[in-house]
Amino acid sequence: MNAAPENILEVDKLITSFETERGLLRAVDQVSFTVPSGKTVGIVGESGCGKSVTAMSIVRLLPQPAGKILGGEVRFKGRDLVHASEAEIRKIRGGEIGVIFQEPMSALNPVHRIGRQVSEVFRLHTKLSKKEAWDASVEMLKLVRIPAPEKRMMDYPHQLSGGMRQRIVIALALACRPSLVIADEPTTALDVTVQAQILDLIGRLQQEMGMSVILITHDLGVIAESCDEVVVMYAGRVVEKASSSELFARPLHAYTKGLLRSIPTLETPSKSVLSTIPGMVASLADHTHGCRFCQRMGRITAGGMGTRERPGFAEVSPGHWVETCPECYQP
């Protein structure tokens, strides 16, 4: 994959594995995608498909010592993050790349006040004094629309609602005005109204700061509303990627089509049974080398090639890539 100046991030054939009692198991299997400057790229798929592991591989936050990046490249503004020193990655992580974690209660330290946690980001990545970092933190809470920010700075995480905690996590991620933000299911466990507020907030701040966003979710409604490009992952692999408009208008992989069919619409009759994808994502130890969606559906192509050999990944129209399994590629 050649470097392109318009892409702030390039992930090329990334392989991430975990040491387990059953050996070294691949959670991310040769994943490739790019993030254009100023754009939002959505990564979608069911739980267990490798979305969060991909994101944590980018910023080198894998569980240690089990998690290992075994191959591929991650280039941020042309810099190799896979082989960067720990000191280099610490400067980039939190400074130039912000992360909005999935669970705000686990992302925030329960024994420290909000003010200390937000101001610590400024102290680590800038040369601000303690008072300047505190003042900057108050301004950051104002930016994410936390009411009475001076008072909230003295609160502990358990004193805030779920939506407020999520805003604090967003403030932590955006404190140093990063070029790229990775939002790992930022609306998980929030009610619908608060979800909309959080997504609107991320979109507004993206416009104001000119940053790029990777939005990880299993909600295709969120993808349709917020993303410019979409990467569909299944069982550790990318099975389809395209612009958001192209993907929703012309899905080509059976898994993508199954996800789209599962979305209820205004035309869906009341009390009707919603469409589902049979089965579930196989565990890491049970992944086949061939087409993993065929494995789930219990089907093989002529001669068993659907489960024995890995399908190719081809650009079938400009910007639209799909895994070309004979059974799952459905033009």
# chains A, B, ... in the order shown; residues from 1 in each chain; ligands from 1
>>> residues_around(residues="Thr40 (chain A)", least_positions_apart="6", cutoff="7 Å", atoms="only C-alpha atoms", output="VMD selection string")
chain A and resid 212 to 215 227 to 229
>>> closest_atom_pairs(of="region 182-213 of chain A", to="region 88-106 of chain A", cutoff="9 Å", atoms="only C-alpha atoms", output="Markdown table")
| residue | atom | partner | partner_atom | distance |
| --- | --- | --- | --- | --- |
| A:Ile182 | CA | A:Val99 | CA | 4.8 |
| A:Ala183 | CA | A:Ile100 | CA | 4.6 |
| A:Asp184 | CA | A:Gln102 | CA | 5.1 |
| A:Glu185 | CA | A:Gln102 | CA | 5.2 |
| A:Pro186 | CA | A:Gln102 | CA | 5.5 |
| A:Thr187 | CA | A:Gln102 | CA | 7.8 |
| A:Thr188 | CA | A:Gln102 | CA | 6.7 |
| A:Ala189 | CA | A:Glu103 | CA | 8.5 |
>>> write_last_selection(atoms="N, CA, C and O atoms", output="compact mmCIF listing (two decimals), in the first residue's frame")
# COMPACT_ATOMS: atom_id res chain seq x y z
N ILE A 182 -10.10 7.98 17.86
CA ILE A 182 -10.69 6.65 17.75
C ILE A 182 -11.80 6.55 18.78
O ILE A 182 -11.55 6.61 19.98
N ALA A 183 -13.04 6.43 18.30
CA ALA A 183 -14.20 6.35 19.18
C ALA A 183 -14.70 4.91 19.19
O ALA A 183 -15.29 4.44 18.22
N ASP A 184 -14.43 4.20 20.28
CA ASP A 184 -14.77 2.79 20.39
C ASP A 184 -16.15 2.64 21.02
O ASP A 184 -16.30 2.65 22.24
N GLU A 185 -17.16 2.51 20.18
CA GLU A 185 -18.55 2.38 20.61
C GLU A 185 -18.88 3.43 21.68
O GLU A 185 -19.23 3.07 22.82
N PRO A 186 -18.81 4.71 21.33
CA PRO A 186 -18.98 5.78 22.33
C PRO A 186 -20.39 5.92 22.87
O PRO A 186 -20.59 6.63 23.85
N THR A 187 -21.37 5.23 22.26
CA THR A 187 -22.75 5.37 22.73
C THR A 187 -23.26 4.10 23.41
O THR A 187 -24.46 3.97 23.67
N THR A 188 -22.36 3.16 23.71
CA THR A 188 -22.78 1.93 24.39
C THR A 188 -23.41 2.23 25.74
O THR A 188 -22.91 3.06 26.50
N ALA A 189 -24.53 1.58 26.05
CA ALA A 189 -25.21 1.66 27.35
C ALA A 189 -25.83 3.03 27.63
O ALA A 189 -26.20 3.32 28.76
>>> atom_distance(atom1="CA of Gly23 (chain A)", atom2="CA of Leu81 (chain A)")
25.8 Å
>>> residues_around(residues="Arg261 (chain A)", least_positions_apart="6", cutoff="12 Å", atoms="only C-alpha atoms", output="PyMOL selection string")
chain A and resi 220+248+251+254-255+268+273-277
>>> closest_atom_pairs(of="region 215-315 of chain A", to="region 197-203 of chain A", cutoff="10 Å", atoms="only C-alpha atoms", output="CSV")
residue,atom,partner,partner_atom,distance
A:Val222,CA,A:Leu199,CA,8.2
A:Glu225,CA,A:Leu199,CA,9.1
A:Ser226,CA,A:Gly203,CA,7.5
A:Cys227,CA,A:Gly203,CA,9.8
>>> write_last_selection(atoms="N, CA and C atoms", output="PDB file, in the first residue's frame")
ATOM      1  N   VAL A 222     -26.039   4.365  13.207  1.00  0.00           N
ATOM      2  CA  VAL A 222     -24.992   5.327  13.555  1.00  0.00           C
ATOM      3  C   VAL A 222     -24.037   5.510  12.378  1.00  0.00           C
ATOM      4  N   GLU A 225     -25.548   7.670   9.611  1.00  0.00           N
ATOM      5  CA  GLU A 225     -25.696   9.071   9.984  1.00  0.00           C
ATOM      6  C   GLU A 225     -24.354   9.796  10.078  1.00  0.00           C
ATOM      7  N   SER A 226     -23.299   9.094  10.463  1.00  0.00           N
ATOM      8  CA  SER A 226     -22.077   9.779  10.870  1.00  0.00           C
ATOM      9  C   SER A 226     -20.861   9.567   9.977  1.00  0.00           C
ATOM     10  N   CYS A 227     -20.835   8.528   9.143  1.00  0.00           N
ATOM     11  CA  CYS A 227     -19.577   8.124   8.505  1.00  0.00           C
ATOM     12  C   CYS A 227     -19.521   8.442   7.016  1.00  0.00           C
TER      13      CYS A 227
END
>>> select_by_dssp(residues="region 205-248 of chain A", states="strand (DSSP E or B)", output="list in words")
Ser212, Val213, Ile214, Leu215, Ile216, Thr217, Glu229, Val230, Val231, Val232, Met233, Tyr234, Arg237, Val238, Val239, Glu240, Lys241, Ala242 and Ser243 of chain A
>>> write_last_selection(atoms="N, CA and C atoms", output="tab-separated table (two decimals), in the first residue's frame")
chain	number	residue	atom	x	y	z
A	212	SER	N	-9.80	13.82	12.07
A	212	SER	CA	-10.35	12.60	11.48
A	212	SER	C	-10.88	11.71	12.60
A	213	VAL	N	-11.83	10.85	12.27
A	213	VAL	CA	-12.45	10.00	13.29
A	213	VAL	C	-12.56	8.57	12.78
A	214	ILE	N	-12.20	7.61	13.63
A	214	ILE	CA	-12.55	6.20	13.41
A	214	ILE	C	-13.66	5.88	14.39
A	215	LEU	N	-14.84	5.54	13.87
A	215	LEU	CA	-16.00	5.27	14.72
A	215	LEU	C	-16.29	3.77	14.69
A	216	ILE	N	-16.10	3.12	15.83
A	216	ILE	CA	-16.33	1.68	15.93
A	216	ILE	C	-17.71	1.45	16.54
A	217	THR	N	-18.52	0.65	15.87
A	217	THR	CA	-19.88	0.42	16.36
A	217	THR	C	-20.45	-0.84	15.73
A	229	GLU	N	-16.95	6.81	5.13
A	229	GLU	CA	-16.56	5.51	4.59
A	229	GLU	C	-16.83	4.43	5.63
A	230	VAL	N	-17.02	3.19	5.16
A	230	VAL	CA	-17.38	2.09	6.06
A	230	VAL	C	-16.48	0.89	5.81
A	231	VAL	N	-16.01	0.29	6.89
A	231	VAL	CA	-15.25	-0.96	6.84
A	231	VAL	C	-16.07	-2.01	7.58
A	232	VAL	N	-16.47	-3.07	6.89
A	232	VAL	CA	-17.25	-4.14	7.50
A	232	VAL	C	-16.31	-5.28	7.87
A	233	MET	N	-16.27	-5.61	9.17
A	233	MET	CA	-15.39	-6.69	9.64
A	233	MET	C	-16.20	-7.90	10.07
A	234	TYR	N	-15.65	-9.06	9.75
A	234	TYR	CA	-16.25	-10.31	10.25
A	234	TYR	C	-15.14	-11.27	10.62
A	237	ARG	N	-11.51	-10.24	9.96
A	237	ARG	CA	-11.15	-9.84	8.61
A	237	ARG	C	-12.08	-8.75	8.09
A	238	VAL	N	-11.58	-7.97	7.13
A	238	VAL	CA	-12.44	-7.01	6.42
A	238	VAL	C	-13.10	-7.77	5.28
A	239	VAL	N	-14.43	-7.79	5.24
A	239	VAL	CA	-15.14	-8.48	4.16
A	239	VAL	C	-15.68	-7.51	3.12
A	240	GLU	N	-15.79	-6.22	3.49
A	240	GLU	CA	-16.26	-5.23	2.52
A	240	GLU	C	-15.91	-3.84	3.02
A	241	LYS	N	-15.55	-2.96	2.10
A	241	LYS	CA	-15.34	-1.56	2.46
A	241	LYS	C	-15.68	-0.69	1.25
A	242	ALA	N	-16.33	0.45	1.56
A	242	ALA	CA	-16.79	1.35	0.51
A	242	ALA	C	-17.21	2.66	1.16
A	243	SER	N	-17.58	3.62	0.34
A	243	SER	CA	-18.16	4.84	0.89
A	243	SER	C	-19.49	4.49	1.52
>>> atom_distance(atom1="CA of Glu323 (chain A)", atom2="CA of Arg250 (chain A)")
14.6 Å
>>> closest_atom_pairs(of="region 129-242 of chain A", to="region 115-121 of chain A", cutoff="10 Å", atoms="only C-alpha atoms", output="CSV")
residue,atom,partner,partner_atom,distance
A:Ser129,CA,A:Ser119,CA,9.9
A:Lys130,CA,A:Ser119,CA,7.8
A:Lys131,CA,A:Ser119,CA,9.1
A:Glu132,CA,A:Ser119,CA,8.8
A:Ala133,CA,A:Ser119,CA,5.1
A:Trp134,CA,A:Ser119,CA,5.4
A:Asp135,CA,A:Ser119,CA,8.4
A:Ala136,CA,A:Ser119,CA,7.4
A:Ser137,CA,A:Ser119,CA,5.5
A:Val138,CA,A:Gly115,CA,7.9
A:Met140,CA,A:Val118,CA,8.5
A:Leu141,CA,A:Val118,CA,8.9
A:Pro149,CA,A:Gly115,CA,9.3
A:Glu150,CA,A:Gly115,CA,8.6
A:Lys151,CA,A:Gly115,CA,9.4
A:Arg152,CA,A:Gly115,CA,7.6
A:Met153,CA,A:Gly115,CA,4.1
A:Met154,CA,A:Gly115,CA,6.1
A:Asp155,CA,A:Gly115,CA,7.8
A:Tyr156,CA,A:Gly115,CA,8.9
A:Ile168,CA,A:Val118,CA,8.0
A:Val169,CA,A:Val118,CA,8.8
A:Ala171,CA,A:Val118,CA,7.4
A:Leu172,CA,A:Val118,CA,5.7
A:Ala173,CA,A:Val121,CA,8.8
A:Leu174,CA,A:Val121,CA,9.7
A:Ala175,CA,A:Val121,CA,7.0
A:Cys176,CA,A:Val121,CA,7.6
>>> residues_around(residues="Asp80 (chain A)", least_positions_apart="3", cutoff="12 Å", atoms="only C-alpha atoms", output="VMD selection string")
chain A and resid 3 9 to 12 58 to 60 72 to 77 83 to 85 88 to 89 92
>>> write_last_selection(atoms="N, CA and C atoms", output="PDB file, in the first residue's frame")
ATOM      1  N   ALA A   3       2.025   5.162   0.302  1.00  0.00           N
ATOM      2  CA  ALA A   3       1.627   6.270   1.161  1.00  0.00           C
ATOM      3  C   ALA A   3       0.902   7.326   0.344  1.00  0.00           C
ATOM      4  N   LEU A   9      -4.090   8.177   8.270  1.00  0.00           N
ATOM      5  CA  LEU A   9      -3.749   6.864   8.820  1.00  0.00           C
ATOM      6  C   LEU A   9      -3.869   5.809   7.740  1.00  0.00           C
ATOM      7  N   GLU A  10      -2.896   4.899   7.703  1.00  0.00           N
ATOM      8  CA  GLU A  10      -2.947   3.771   6.775  1.00  0.00           C
ATOM      9  C   GLU A  10      -2.626   2.487   7.534  1.00  0.00           C
ATOM     10  N   VAL A  11      -3.560   1.572   7.504  1.00  0.00           N
ATOM     11  CA  VAL A  11      -3.373   0.257   8.132  1.00  0.00           C
ATOM     12  C   VAL A  11      -3.237  -0.749   6.994  1.00  0.00           C
ATOM     13  N   ASP A  12      -2.129  -1.476   6.990  1.00  0.00           N
ATOM     14  CA  ASP A  12      -1.830  -2.365   5.868  1.00  0.00           C
ATOM     15  C   ASP A  12      -1.515  -3.773   6.366  1.00  0.00           C
ATOM     16  N   ILE A  58      -3.741  -0.114  16.816  1.00  0.00           N
ATOM     17  CA  ILE A  58      -3.259   1.130  16.210  1.00  0.00           C
ATOM     18  C   ILE A  58      -2.506   1.962  17.237  1.00  0.00           C
ATOM     19  N   VAL A  59      -3.044   2.053  18.463  1.00  0.00           N
ATOM     20  CA  VAL A  59      -2.415   2.890  19.493  1.00  0.00           C
ATOM     21  C   VAL A  59      -1.600   2.063  20.489  1.00  0.00           C
ATOM     22  N   ARG A  60      -1.398   0.781  20.177  1.00  0.00           N
ATOM     23  CA  ARG A  60      -0.549  -0.101  21.003  1.00  0.00           C
ATOM     24  C   ARG A  60      -1.039  -0.163  22.448  1.00  0.00           C
ATOM     25  N   GLY A  72       2.287  -6.649   9.455  1.00  0.00           N
ATOM     26  CA  GLY A  72       1.575  -5.513   8.892  1.00  0.00           C
ATOM     27  C   GLY A  72       2.157  -4.182   9.330  1.00  0.00           C
ATOM     28  N   GLU A  73       1.560  -3.117   8.842  1.00  0.00           N
ATOM     29  CA  GLU A  73       2.038  -1.772   9.129  1.00  0.00           C
ATOM     30  C   GLU A  73       0.877  -0.877   9.550  1.00  0.00           C
ATOM     31  N   VAL A  74       1.184   0.059  10.441  1.00  0.00           N
ATOM     32  CA  VAL A  74       0.257   1.120  10.812  1.00  0.00           C
ATOM     33  C   VAL A  74       1.032   2.419  10.671  1.00  0.00           C
ATOM     34  N   ARG A  75       0.640   3.250   9.706  1.00  0.00           N
ATOM     35  CA  ARG A  75       1.351   4.502   9.449  1.00  0.00           C
ATOM     36  C   ARG A  75       0.438   5.686   9.760  1.00  0.00           C
ATOM     37  N   PHE A  76       0.883   6.521  10.669  1.00  0.00           N
ATOM     38  CA  PHE A  76       0.160   7.729  11.057  1.00  0.00           C
ATOM     39  C   PHE A  76       0.984   8.939  10.629  1.00  0.00           C
ATOM     40  N   LYS A  77       0.442   9.701   9.696  1.00  0.00           N
ATOM     41  CA  LYS A  77       1.179  10.837   9.114  1.00  0.00           C
ATOM     42  C   LYS A  77       2.546  10.392   8.605  1.00  0.00           C
ATOM     43  N   HIS A  83       6.481  -0.141  15.005  1.00  0.00           N
ATOM     44  CA  HIS A  83       7.853  -0.272  15.473  1.00  0.00           C
ATOM     45  C   HIS A  83       8.345   0.965  16.214  1.00  0.00           C
ATOM     46  N   ALA A  84       7.441   1.899  16.522  1.00  0.00           N
ATOM     47  CA  ALA A  84       7.832   3.095  17.274  1.00  0.00           C
ATOM     48  C   ALA A  84       8.222   2.704  18.699  1.00  0.00           C
ATOM     49  N   SER A  85       9.132   3.471  19.293  1.00  0.00           N
ATOM     50  CA  SER A  85       9.533   3.203  20.676  1.00  0.00           C
ATOM     51  C   SER A  85       8.379   3.522  21.615  1.00  0.00           C
ATOM     52  N   GLU A  88       7.947   7.229  22.031  1.00  0.00           N
ATOM     53  CA  GLU A  88       7.308   7.874  20.878  1.00  0.00           C
ATOM     54  C   GLU A  88       5.802   7.631  20.891  1.00  0.00           C
ATOM     55  N   ILE A  89       5.398   6.373  21.150  1.00  0.00           N
ATOM     56  CA  ILE A  89       3.974   6.063  21.099  1.00  0.00           C
ATOM     57  C   ILE A  89       3.217   6.756  22.224  1.00  0.00           C
ATOM     58  N   ILE A  92       2.460  10.270  21.024  1.00  0.00           N
ATOM     59  CA  ILE A  92       1.410  10.291  19.999  1.00  0.00           C
ATOM     60  C   ILE A  92       0.055   9.960  20.613  1.00  0.00           C
TER      61      ILE A  92
END
>>> select_by_dssp(residues="region 111-330 of chain A", states="helix (DSSP H, G or I)", output="VMD selection string")
chain A and resid 114 to 125 130 to 143 149 to 152 157 to 159 162 to 174 192 to 209 220 to 226 244 to 249 254 to 261 284 to 286 292 to 297 302 to 308
>>> atom_distance(atom1="CA of Arg310 (chain A)", atom2="CA of Asn7 (chain A)")
28.0 Å
>>> closest_residue(among="A:Ser57, A:Ser179, A:Ser37, A:Ser32", to="Leu205 (chain A)", atoms="only C-alpha atoms")
A:Ser179
>>> closest_residue(among="A:Leu24, A:Ile170, A:Val194, A:Ile8", to="Pro36 (chain A)", atoms="only C-alpha atoms")
A:Ile8
>>> closest_residue(among="A:Met56, A:Val44, A:Leu14, A:Leu266", to="Gly71 (chain A)", atoms="only C-alpha atoms")
A:Leu14
>>> closest_residue(among="A:Arg113, A:His289, A:Lys68, A:Arg177", to="Leu160 (chain A)", atoms="only C-alpha atoms")
A:Arg113
>>> residues_around(residues="Leu62 (chain A)", least_positions_apart="6", cutoff="10 Å", atoms="only C-alpha atoms", output="count of residues only")
10
>>> closest_residue(among="A:Ala224, A:Glu19, A:Cys49, A:Pro269", to="Pro63 (chain A)", atoms="only C-alpha atoms")
A:Glu19
>>> closest_residue(among="A:Gly236, A:Gly221, A:Gly78, A:Pro326", to="Ser262 (chain A)", atoms="only C-alpha atoms")
A:Gly221
